[in-house]
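Structure file query_25.cif (mmCIF, C-alpha atoms) is printed below.
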```
data_upload
#
loop_
_atom_site.group_PDB
_atom_site.id
_atom_site.type_symbol
_atom_site.label_atom_id
_atom_site.label_comp_id
_atom_site.auth_asym_id
_atom_site.auth_seq_id
_atom_site.Cartn_x
_atom_site.Cartn_y
_atom_site.Cartn_z
ATOM 1 C CA MET Q 15 -66.664 55.592 76.966
ATOM 2 C CA LYS Q 16 -68.215 58.637 78.567
ATOM 3 C CA LEU Q 17 -67.595 62.243 77.553
ATOM 4 C CA ALA Q 18 -64.222 63.726 78.496
ATOM 5 C CA GLU Q 19 -63.391 67.370 79.067
ATOM 6 C CA GLU Q 20 -61.832 67.615 75.599
ATOM 7 C CA CYS Q 21 -64.916 66.341 73.750
ATOM 8 C CA ARG Q 22 -66.857 69.608 73.645
ATOM 9 C CA SER Q 23 -64.181 71.573 71.826
ATOM 10 C CA CYS Q 24 -63.383 68.658 69.515
ATOM 11 C CA LEU Q 25 -66.974 68.141 68.404
ATOM 12 C CA LEU Q 26 -67.890 71.788 67.947
ATOM 13 C CA THR Q 27 -64.687 72.532 66.031
ATOM 14 C CA LYS Q 28 -65.335 69.540 63.798
ATOM 15 C CA ALA Q 29 -68.915 70.693 63.142
ATOM 16 C CA VAL Q 30 -67.623 74.036 61.864
ATOM 17 C CA GLN Q 31 -65.011 72.331 59.706
ATOM 18 C CA GLN Q 32 -67.443 69.922 58.058
ATOM 19 C CA ALA Q 33 -69.973 72.708 57.477
ATOM 20 C CA GLY Q 34 -67.267 74.359 55.399
ATOM 21 C CA TYR Q 35 -67.329 71.404 53.011
ATOM 22 C CA VAL Q 36 -70.748 72.471 51.735
ATOM 23 C CA THR Q 37 -71.205 76.194 52.498
ATOM 24 C CA ASP Q 38 -69.232 79.390 52.987
ATOM 25 C CA ASN Q 39 -72.263 81.274 54.322
ATOM 26 C CA GLN Q 40 -71.043 82.502 57.709
ATOM 27 C CA LYS Q 41 -74.559 83.109 58.997
ATOM 28 C CA VAL Q 42 -75.531 79.513 58.235
ATOM 29 C CA ILE Q 43 -72.355 78.262 59.907
ATOM 30 C CA GLN Q 44 -72.889 80.408 63.013
ATOM 31 C CA ASN Q 45 -76.520 79.288 63.331
ATOM 32 C CA MET Q 46 -75.334 75.716 62.995
ATOM 33 C CA LEU Q 47 -72.695 76.184 65.682
ATOM 34 C CA ASP Q 48 -75.237 77.739 68.036
ATOM 35 C CA ALA Q 49 -77.594 74.796 67.531
ATOM 36 C CA CYS Q 50 -74.811 72.242 68.040
ATOM 37 C CA THR Q 51 -73.623 74.027 71.184
ATOM 38 C CA ARG Q 52 -77.100 73.965 72.685
ATOM 39 C CA GLU Q 53 -77.469 70.282 71.828
ATOM 40 C CA TYR Q 54 -74.106 69.382 73.340
ATOM 41 C CA ASP Q 55 -74.773 71.262 76.551
ATOM 42 C CA ARG Q 56 -78.208 69.650 76.877
ATOM 43 C CA LEU Q 57 -76.971 66.107 76.331
ATOM 44 C CA SER Q 58 -73.819 66.442 78.414
ATOM 45 C CA GLU Q 59 -75.871 67.022 81.550
ATOM 46 C CA SER Q 60 -76.427 63.238 81.678
ATOM 47 C CA PRO Q 61 -73.671 60.563 81.877
ATOM 48 C CA ILE Q 62 -74.253 59.072 78.435
ATOM 49 C CA ALA Q 63 -71.770 57.512 76.035
ATOM 50 C CA THR Q 64 -69.660 59.747 73.809
ATOM 51 C CA PRO Q 65 -70.971 58.333 70.485
ATOM 52 C CA ILE Q 66 -74.553 59.184 71.428
ATOM 53 C CA VAL Q 67 -73.609 62.814 71.963
ATOM 54 C CA SER Q 68 -71.298 63.049 68.959
ATOM 55 C CA GLY Q 69 -73.884 61.461 66.667
ATOM 56 C CA ALA Q 70 -76.497 63.964 67.800
ATOM 57 C CA ILE Q 71 -74.103 66.874 67.202
ATOM 58 C CA HIS Q 72 -73.289 65.761 63.679
ATOM 59 C CA ARG Q 73 -76.936 65.160 62.796
ATOM 60 C CA THR Q 74 -77.748 68.652 64.119
ATOM 61 C CA CYS Q 75 -74.977 70.056 61.937
ATOM 62 C CA TYR Q 76 -76.181 68.199 58.834
ATOM 63 C CA LYS Q 77 -79.701 69.513 59.323
ATOM 64 C CA ALA Q 78 -78.514 73.093 59.790
ATOM 65 C CA ILE Q 79 -76.363 73.065 56.651
ATOM 66 C CA ASN Q 80 -78.996 71.109 54.686
ATOM 67 C CA SER Q 81 -76.733 68.226 53.706
ATOM 68 C CA ILE Q 82 -77.303 64.506 54.158
ATOM 69 C CA ASP Q 83 -73.676 63.659 53.301
ATOM 70 C CA PRO Q 84 -71.046 66.438 53.501
ATOM 71 C CA TYR Q 85 -68.274 63.874 52.985
ATOM 72 C CA VAL Q 86 -69.501 62.353 49.727
ATOM 73 C CA SER Q 87 -66.577 63.614 47.599
ATOM 74 C CA ILE Q 88 -64.020 62.822 50.323
ATOM 75 C CA LYS Q 89 -65.294 59.242 50.523
ATOM 76 C CA LYS Q 90 -64.943 58.735 46.787
ATOM 77 C CA HIS Q 91 -61.451 60.264 46.801
ATOM 78 C CA ASP Q 92 -60.174 58.148 49.684
ATOM 79 C CA ASN Q 93 -61.545 54.927 48.208
ATOM 80 C CA MET Q 94 -59.748 55.746 44.958
ATOM 81 C CA VAL Q 95 -56.446 56.604 46.722
ATOM 82 C CA ALA Q 96 -56.562 53.444 48.827
ATOM 83 C CA ASP Q 97 -57.466 51.272 45.855
ATOM 84 C CA GLU Q 98 -54.519 52.615 43.864
ATOM 85 C CA LEU Q 99 -52.174 52.058 46.793
ATOM 86 C CA VAL Q 100 -53.156 48.438 47.407
ATOM 87 C CA LYS Q 101 -52.536 47.587 43.748
ATOM 88 C CA GLY Q 102 -48.852 48.222 44.363
ATOM 89 C CA LEU Q 103 -48.578 46.554 47.751
ATOM 90 C CA GLY Q 104 -48.711 43.001 46.362
ATOM 91 C CA PRO Q 105 -45.506 41.313 47.583
ATOM 92 C CA GLN Q 106 -45.290 43.508 50.689
ATOM 93 C CA LEU Q 107 -48.326 41.870 52.302
ATOM 94 C CA ASN Q 108 -47.357 38.250 52.880
ATOM 95 C CA SER Q 109 -48.917 37.143 56.150
ATOM 96 C CA LEU Q 110 -52.275 37.503 57.850
ATOM 97 C CA HIS Q 111 -50.505 39.783 60.309
ATOM 98 C CA ASP Q 112 -49.404 42.053 57.444
ATOM 99 C CA PHE Q 113 -53.001 42.403 56.296
ATOM 100 C CA LEU Q 114 -54.137 43.184 59.857
ATOM 101 C CA VAL Q 115 -51.483 45.911 60.193
ATOM 102 C CA ALA Q 116 -52.563 47.399 56.857
ATOM 103 C CA ALA Q 117 -56.175 47.473 58.056
ATOM 104 C CA VAL Q 118 -55.137 49.278 61.225
ATOM 105 C CA ILE Q 119 -53.131 51.867 59.279
ATOM 106 C CA GLY Q 120 -56.186 52.434 57.100
ATOM 107 C CA ASN Q 121 -58.007 53.732 60.177
ATOM 108 C CA SER Q 122 -55.929 56.917 59.934
ATOM 109 C CA LEU Q 123 -58.232 57.946 57.042
ATOM 110 C CA ASP Q 124 -60.533 59.617 59.546
ATOM 111 C CA TYR Q 125 -61.999 63.133 59.416
ATOM 112 C CA GLY Q 126 -64.009 62.967 62.631
ATOM 113 C CA VAL Q 127 -61.391 64.001 65.202
ATOM 114 C CA THR Q 128 -60.181 67.557 65.698
ATOM 115 C CA GLY Q 129 -56.396 67.619 65.793
ATOM 116 C CA HIS Q 130 -56.004 64.562 63.575
ATOM 117 C CA ASP Q 131 -55.037 65.292 59.987
ATOM 118 C CA VAL Q 132 -55.108 62.762 57.182
ATOM 119 C CA ALA Q 133 -51.666 62.514 55.561
ATOM 120 C CA SER Q 134 -51.369 64.489 52.325
ATOM 121 C CA ASP Q 135 -49.239 61.688 50.842
ATOM 122 C CA PHE Q 136 -50.938 58.577 52.167
ATOM 123 C CA ALA Q 137 -48.618 56.169 50.336
ATOM 124 C CA VAL Q 138 -45.561 57.574 52.151
ATOM 125 C CA PHE Q 139 -47.465 57.614 55.452
ATOM 126 C CA PHE Q 140 -48.526 53.999 54.966
ATOM 127 C CA GLN Q 141 -44.958 52.782 54.398
ATOM 128 C CA LYS Q 142 -43.686 54.616 57.470
ATOM 129 C CA LYS Q 143 -46.383 53.183 59.718
ATOM 130 C CA PHE Q 144 -46.096 49.699 58.237
ATOM 131 C CA LYS Q 145 -42.404 49.601 59.124
ATOM 132 C CA GLY Q 146 -43.173 50.899 62.621
ATOM 133 C CA GLY Q 147 -45.688 48.146 63.392
ATOM 134 C CA LEU Q 148 -48.241 48.087 66.187
ATOM 135 C CA ALA Q 149 -47.841 49.582 69.664
ATOM 136 C CA ILE Q 150 -50.251 46.996 71.090
ATOM 137 C CA ASP Q 151 -50.389 43.730 69.188
ATOM 138 C CA ASP Q 152 -52.780 40.994 70.336
ATOM 139 C CA SER Q 153 -52.919 39.484 66.863
ATOM 140 C CA GLU Q 154 -52.086 35.908 67.856
ATOM 141 C CA GLN Q 155 -55.049 35.728 70.229
ATOM 142 C CA ILE Q 156 -57.229 37.523 67.686
ATOM 143 C CA PHE Q 157 -56.421 35.061 64.913
ATOM 144 C CA SER Q 158 -57.075 32.083 67.189
ATOM 145 C CA LEU Q 159 -60.663 33.305 67.714
ATOM 146 C CA ALA Q 160 -61.381 34.174 64.078
ATOM 147 C CA LYS Q 161 -63.763 31.356 63.210
ATOM 148 C CA ARG Q 162 -67.086 33.198 62.979
ATOM 149 C CA VAL Q 163 -66.269 36.894 62.708
ATOM 150 C CA VAL Q 164 -68.531 39.940 62.752
ATOM 151 C CA TYR Q 165 -66.489 42.788 61.295
ATOM 152 C CA PHE Q 166 -67.671 46.335 62.100
ATOM 153 C CA THR Q 167 -66.330 48.749 59.495
ATOM 154 C CA ASP Q 168 -65.517 52.425 59.973
ATOM 155 C CA ASN Q 169 -64.211 54.787 57.286
ATOM 156 C CA CYS Q 170 -64.087 54.851 53.504
ATOM 157 C CA GLY Q 171 -60.563 54.391 52.187
ATOM 158 C CA GLU Q 172 -59.849 52.326 55.283
ATOM 159 C CA ALA Q 173 -62.447 49.822 54.080
ATOM 160 C CA VAL Q 174 -60.293 48.987 51.059
ATOM 161 C CA PHE Q 175 -57.712 47.580 53.494
ATOM 162 C CA ASP Q 176 -60.515 45.860 55.410
ATOM 163 C CA ARG Q 177 -61.445 44.159 52.157
ATOM 164 C CA LEU Q 178 -57.952 42.669 51.862
ATOM 165 C CA PHE Q 179 -57.894 41.566 55.508
ATOM 166 C CA CYS Q 180 -61.332 39.934 55.306
ATOM 167 C CA GLN Q 181 -60.333 38.178 52.101
ATOM 168 C CA GLU Q 182 -57.313 36.669 53.879
ATOM 169 C CA LEU Q 183 -59.426 35.622 56.864
ATOM 170 C CA LYS Q 184 -61.827 33.894 54.460
ATOM 171 C CA LYS Q 185 -58.956 32.030 52.810
ATOM 172 C CA ARG Q 186 -58.114 30.627 56.233
ATOM 173 C CA GLY Q 187 -61.610 29.307 56.766
ATOM 174 C CA ALA Q 188 -63.292 32.121 58.688
ATOM 175 C CA HIS Q 189 -66.986 32.866 58.265
ATOM 176 C CA ILE Q 190 -67.195 36.651 57.829
ATOM 177 C CA THR Q 191 -70.152 38.958 58.420
ATOM 178 C CA ILE Q 192 -69.416 42.592 57.607
ATOM 179 C CA VAL Q 193 -71.553 45.288 59.255
ATOM 180 C CA VAL Q 194 -71.748 48.802 57.788
ATOM 181 C CA LYS Q 195 -73.482 52.015 58.845
ATOM 182 C CA ASP Q 196 -77.162 52.364 57.994
ATOM 183 C CA GLY Q 197 -76.927 56.009 56.888
ATOM 184 C CA PRO Q 198 -74.237 58.583 56.013
ATOM 185 C CA MET Q 199 -72.184 59.748 58.999
ATOM 186 C CA LEU Q 200 -68.798 61.448 58.621
ATOM 187 C CA ASN Q 201 -66.808 59.406 56.072
ATOM 188 C CA ASP Q 202 -68.089 56.056 57.349
ATOM 189 C CA VAL Q 203 -68.928 53.182 55.023
ATOM 190 C CA THR Q 204 -72.578 52.608 54.156
ATOM 191 C CA MET Q 205 -73.963 49.758 52.060
ATOM 192 C CA LYS Q 206 -73.584 51.933 48.963
ATOM 193 C CA GLU Q 207 -69.824 52.431 49.363
ATOM 194 C CA ALA Q 208 -69.331 48.862 50.576
ATOM 195 C CA LYS Q 209 -70.688 47.469 47.329
ATOM 196 C CA GLU Q 210 -68.801 50.019 45.233
ATOM 197 C CA ILE Q 211 -65.462 48.771 46.608
ATOM 198 C CA GLY Q 212 -66.419 45.088 46.625
ATOM 199 C CA LEU Q 213 -66.718 44.413 50.346
ATOM 200 C CA ASP Q 214 -69.681 42.188 49.584
ATOM 201 C CA ASN Q 215 -67.392 39.928 47.532
ATOM 202 C CA VAL Q 216 -65.094 39.021 50.454
ATOM 203 C CA CYS Q 217 -67.645 38.017 53.088
ATOM 204 C CA ASP Q 218 -70.447 35.551 53.671
ATOM 205 C CA GLN Q 219 -72.942 38.323 54.300
ATOM 206 C CA ILE Q 220 -72.973 42.093 54.614
ATOM 207 C CA LEU Q 221 -75.472 43.671 56.999
ATOM 208 C CA SER Q 222 -76.544 47.045 58.361
ATOM 209 C CA ALA Q 223 -75.971 48.323 61.897
ATOM 210 C CA GLY Q 224 -79.425 49.972 61.727
ATOM 211 C CA GLY Q 225 -80.527 53.252 63.251
ATOM 212 C CA GLY Q 226 -79.875 55.557 60.316
ATOM 213 C CA SER Q 227 -76.930 57.955 60.594
ATOM 214 C CA GLN Q 228 -75.111 57.030 63.795
ATOM 215 C CA ILE Q 229 -71.626 57.284 65.232
ATOM 216 C CA GLY Q 230 -70.520 54.012 66.746
ATOM 217 C CA LEU Q 231 -72.681 50.960 67.320
ATOM 218 C CA HIS Q 232 -75.947 50.806 69.225
ATOM 219 C CA PRO Q 233 -77.582 47.411 69.937
ATOM 220 C CA GLN Q 234 -81.052 48.915 70.243
ATOM 221 C CA TYR Q 235 -80.926 49.676 66.504
ATOM 222 C CA TYR Q 236 -79.474 46.374 65.254
ATOM 223 C CA PRO Q 237 -81.740 44.554 62.768
ATOM 224 C CA GLN Q 238 -82.580 40.994 63.839
ATOM 225 C CA GLU Q 239 -80.197 39.412 61.320
ATOM 226 C CA THR Q 240 -77.352 41.524 62.712
ATOM 227 C CA LYS Q 241 -78.250 40.501 66.261
ATOM 228 C CA ASP Q 242 -78.246 36.856 65.158
ATOM 229 C CA ALA Q 243 -74.809 37.177 63.547
ATOM 230 C CA ILE Q 244 -73.380 38.761 66.693
ATOM 231 C CA SER Q 245 -74.878 36.138 68.992
ATOM 232 C CA ASN Q 246 -73.294 33.364 66.882
ATOM 233 C CA ALA Q 247 -69.871 35.017 66.542
ATOM 234 C CA THR Q 248 -66.628 33.796 68.078
ATOM 235 C CA LEU Q 249 -65.017 37.219 67.553
ATOM 236 C CA LEU Q 250 -66.118 40.788 66.909
ATOM 237 C CA ILE Q 251 -63.651 42.982 65.024
ATOM 238 C CA SER Q 252 -64.242 46.660 65.650
ATOM 239 C CA LYS Q 253 -62.585 49.329 63.522
ATOM 240 C CA GLY Q 254 -62.061 52.900 64.700
ATOM 241 C CA LEU Q 255 -62.740 55.273 67.578
ATOM 242 C CA GLY Q 256 -66.519 55.594 67.428
ATOM 243 C CA ASN Q 257 -67.025 51.846 67.480
ATOM 244 C CA TYR Q 258 -64.518 51.522 70.333
ATOM 245 C CA GLU Q 259 -66.263 54.244 72.337
ATOM 246 C CA SER Q 260 -69.638 52.539 71.991
ATOM 247 C CA LEU Q 261 -68.783 48.820 72.238
ATOM 248 C CA THR Q 262 -66.753 49.331 75.414
ATOM 249 C CA GLU Q 263 -69.848 50.725 77.104
ATOM 250 C CA GLU Q 264 -71.726 47.414 77.083
ATOM 251 C CA HIS Q 265 -71.086 43.719 77.672
ATOM 252 C CA GLN Q 266 -70.410 41.851 74.438
ATOM 253 C CA PRO Q 267 -71.286 38.178 73.829
ATOM 254 C CA CYS Q 268 -67.742 37.276 72.739
ATOM 255 C CA PRO Q 269 -64.253 38.843 72.686
ATOM 256 C CA VAL Q 270 -63.774 42.062 70.722
ATOM 257 C CA ALA Q 271 -60.657 42.941 68.713
ATOM 258 C CA TYR Q 272 -60.300 46.720 68.531
ATOM 259 C CA LEU Q 273 -58.241 47.769 65.508
ATOM 260 C CA LEU Q 274 -57.530 51.479 65.359
ATOM 261 C CA MET Q 275 -55.171 54.400 65.310
ATOM 262 C CA VAL Q 276 -55.423 56.253 68.632
ATOM 263 C CA LYS Q 277 -56.324 59.804 67.611
ATOM 264 C CA CYS Q 278 -57.299 61.563 70.824
ATOM 265 C CA GLU Q 279 -56.180 61.757 74.441
ATOM 266 C CA PRO Q 280 -59.433 60.442 75.999
ATOM 267 C CA VAL Q 281 -59.210 57.197 73.990
ATOM 268 C CA ALA Q 282 -55.473 56.983 74.664
ATOM 269 C CA ARG Q 283 -56.128 57.135 78.401
ATOM 270 C CA HIS Q 284 -58.951 54.622 78.191
ATOM 271 C CA VAL Q 285 -57.122 51.995 76.115
ATOM 272 C CA GLY Q 286 -53.717 52.489 77.740
ATOM 273 C CA ALA Q 287 -51.798 53.760 74.710
ATOM 274 C CA LYS Q 288 -50.424 57.007 73.303
ATOM 275 C CA LYS Q 289 -52.014 59.327 70.782
ATOM 276 C CA GLY Q 290 -50.791 58.259 67.344
ATOM 277 C CA ASP Q 291 -50.314 54.600 68.287
ATOM 278 C CA MET Q 292 -51.542 51.862 65.980
ATOM 279 C CA ILE Q 293 -53.147 49.113 68.035
ATOM 280 C CA ALA Q 294 -54.845 45.717 67.777
ATOM 281 C CA VAL Q 295 -56.124 45.027 71.272
ATOM 282 C CA LEU Q 296 -58.358 42.169 72.406
ATOM 283 C CA ARG Q 297 -60.847 42.858 75.183
#
```

Take the structure in the file and give it back as C-alpha cells.
Amino acid sequence: MKLAEECRSCLLTKAVQQAGYVTDNQKVIQNMLDACTREYDRLSESPIATPIVSGAIHRTCYKAINSIDPYVSIKKHDNMVADELVKGLGPQLNSLHDFLVAAVIGNSLDYGVTGHDVASDFAVFFQKKFKGGLAIDDSEQIFSLAKRVVYFTDNCGEAVFDRLFCQELKKRGAHITIVVKDGPMLNDVTMKEAKEIGLDNVCDQILSAGGGSQIGLHPQYYPQETKDAISNATLLISKGLGNYESLTEEHQPCPVAYLLMVKCEPVARHVGAKKGDMIAVLR
C-alpha cells in the first residue's frame, strides 16, 4: 500500500502520543514533532510504501525522545491480560476456526493507529467480537494450504492468541515457522517477548524478519534462513496492518492469509471491508 491522505495526520498524532509514554517535557515533544514532520514531508515526495514511511517516522520519534522501546510496559501488560484471558477460554475454543477467529480478535491490541483505541475491558470486547465472527472469512481455503506455514506476528498480547492458533495448526500436521520483528517497534513482538510467552514452544522454528526496528516486512532485510523458509512455504500468514501494507506491495511466492482487524479507512478501502471489521482474507 502507498500513502493515503489520512496517513500524515495519523502518524504525527501517534508520534506525539507515544512520546508521552516516556516524557512530559513539551520542548522535547515539540522538537520531536518538528523532526517527524520534516521526515514525513521528505519521504512522501516519492511513491513509496506506507510502512517505509511510518517506520522512519517512529524511529525518528524514538531517537528524539531517547527511548529504544516506549511500549515496554504496555507489551508486558497486554501479554499478561491476554494470558489470563486464554486460561478461561478453554471449552469455548473447539475448532481450528475458533482459534483463527481468536487470533484475529487479538489484532485489536494495537497502539499504532490514531483513532483506534484498545478496549479497556478486553475480556468483554473479546466475547462480543467472537460472537460476531468475521466479516471476510476465507478460512476453508486458508486451512487447505496450511502444510508449511510461515507465520508473521504483529503485536504483543495478540501473540498469545497466535500461540494457541499455531499450536492447533501443529496438531493437524502443519510445519510452522514463526517470524518476529528484529528490533522494538510499537508494541510488536520481538524474539525476547516471543520466548517469554512461549511462541518458540509451538513452532518448528522461530526466526527474525531482520532489519532492526521496522514496521511491516521488507524482503531486503530478511536473513537467509527466513528467505529459505518463505521460499519453501505453502502459505504465509500475515497478522496486522503493517504487515498487510508491506506484503501487498510485492509479489509473494505463495498465497498469503491476512488476519487482521481493519483499523483505518485506507486499509478498509484497499481490502474491501469496513473499519472495525475482523477479516481473514486470502490473496

Name the residues that the PyMOL selection byres ((chain Q and resi 27) around 12) picks from the file above, as a PyMOL selection string, using the file's chain letters and numbers. chain Q and resi 20-26+28-34+43-44+46-48+50-51+68+71-72+75+125-129

Cut-off 6 Å: closest stretch 120-154 of chain Q/stretch 286-295 of chain Q atom pairs per residue, using only C-alpha atoms, as a Markdown table:
```
| residue | atom | partner | partner_atom | distance |
| --- | --- | --- | --- | --- |
| Q:Leu148 | CA | Q:Met292 | CA | 5.0 |
| Q:Ala149 | CA | Q:Ile293 | CA | 5.6 |
| Q:Ile150 | CA | Q:Ile293 | CA | 4.7 |
| Q:Asp151 | CA | Q:Ala294 | CA | 5.1 |
| Q:Asp152 | CA | Q:Val295 | CA | 5.3 |
```

Report as an mmCIF file with C-alpha atoms, keeping the file's coordinate frame the full result of the PyMOL selection byres ((chain Q and resi 122) around 10) when it is applied to this structure.
```cif
data_model
loop_
_atom_site.group_PDB
_atom_site.id
_atom_site.type_symbol
_atom_site.label_atom_id
_atom_site.label_comp_id
_atom_site.auth_asym_id
_atom_site.auth_seq_id
_atom_site.Cartn_x
_atom_site.Cartn_y
_atom_site.Cartn_z
ATOM 1 C CA ALA Q 117 -56.175 47.473 58.056
ATOM 2 C CA VAL Q 118 -55.137 49.278 61.225
ATOM 3 C CA ILE Q 119 -53.131 51.867 59.279
ATOM 4 C CA GLY Q 120 -56.186 52.434 57.100
ATOM 5 C CA ASN Q 121 -58.007 53.732 60.177
ATOM 6 C CA LEU Q 123 -58.232 57.946 57.042
ATOM 7 C CA ASP Q 124 -60.533 59.617 59.546
ATOM 8 C CA TYR Q 125 -61.999 63.133 59.416
ATOM 9 C CA HIS Q 130 -56.004 64.562 63.575
ATOM 10 C CA ASP Q 131 -55.037 65.292 59.987
ATOM 11 C CA VAL Q 132 -55.108 62.762 57.182
ATOM 12 C CA ALA Q 133 -51.666 62.514 55.561
ATOM 13 C CA PHE Q 136 -50.938 58.577 52.167
ATOM 14 C CA PHE Q 139 -47.465 57.614 55.452
ATOM 15 C CA PHE Q 140 -48.526 53.999 54.966
ATOM 16 C CA ASN Q 169 -64.211 54.787 57.286
ATOM 17 C CA GLY Q 171 -60.563 54.391 52.187
ATOM 18 C CA GLU Q 172 -59.849 52.326 55.283
ATOM 19 C CA GLY Q 254 -62.061 52.900 64.700
ATOM 20 C CA LEU Q 274 -57.530 51.479 65.359
ATOM 21 C CA MET Q 275 -55.171 54.400 65.310
ATOM 22 C CA VAL Q 276 -55.423 56.253 68.632
ATOM 23 C CA LYS Q 277 -56.324 59.804 67.611
ATOM 24 C CA GLY Q 290 -50.791 58.259 67.344
ATOM 25 C CA MET Q 292 -51.542 51.862 65.980
#
```

I need the output of the PyMOL selection byres ((chain Q and resi 239) around 12) for this file as an MDAnalysis selection string; which residues are they? chainID Q and resid 164 191:193 219:224 235:238 240:246

Atom pair atom CA of Q:Lys90 / atom CA of Q:Glu207: separation (Å):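 Atom CA of Q:Glu207 lies 8.4 Å from atom CA of Q:Lys90.
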
How big is the axis-aligned box around all listed atoms of stretch 140-148 of chain Q once 4 Å goes on each side, and where's its centre, in Å to one decimal, as JSON?
```
{"center_x": -45.5, "center_y": 51.4, "center_z": 60.3, "size_x": 14.1, "size_y": 14.5, "size_z": 19.8}
```

Quick one, how far is atom CA of Q:Ile229 from atom CA of Q:Met199?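 Separating atom CA of Q:Ile229 from atom CA of Q:Met199 is a distance of 6.7 Å.
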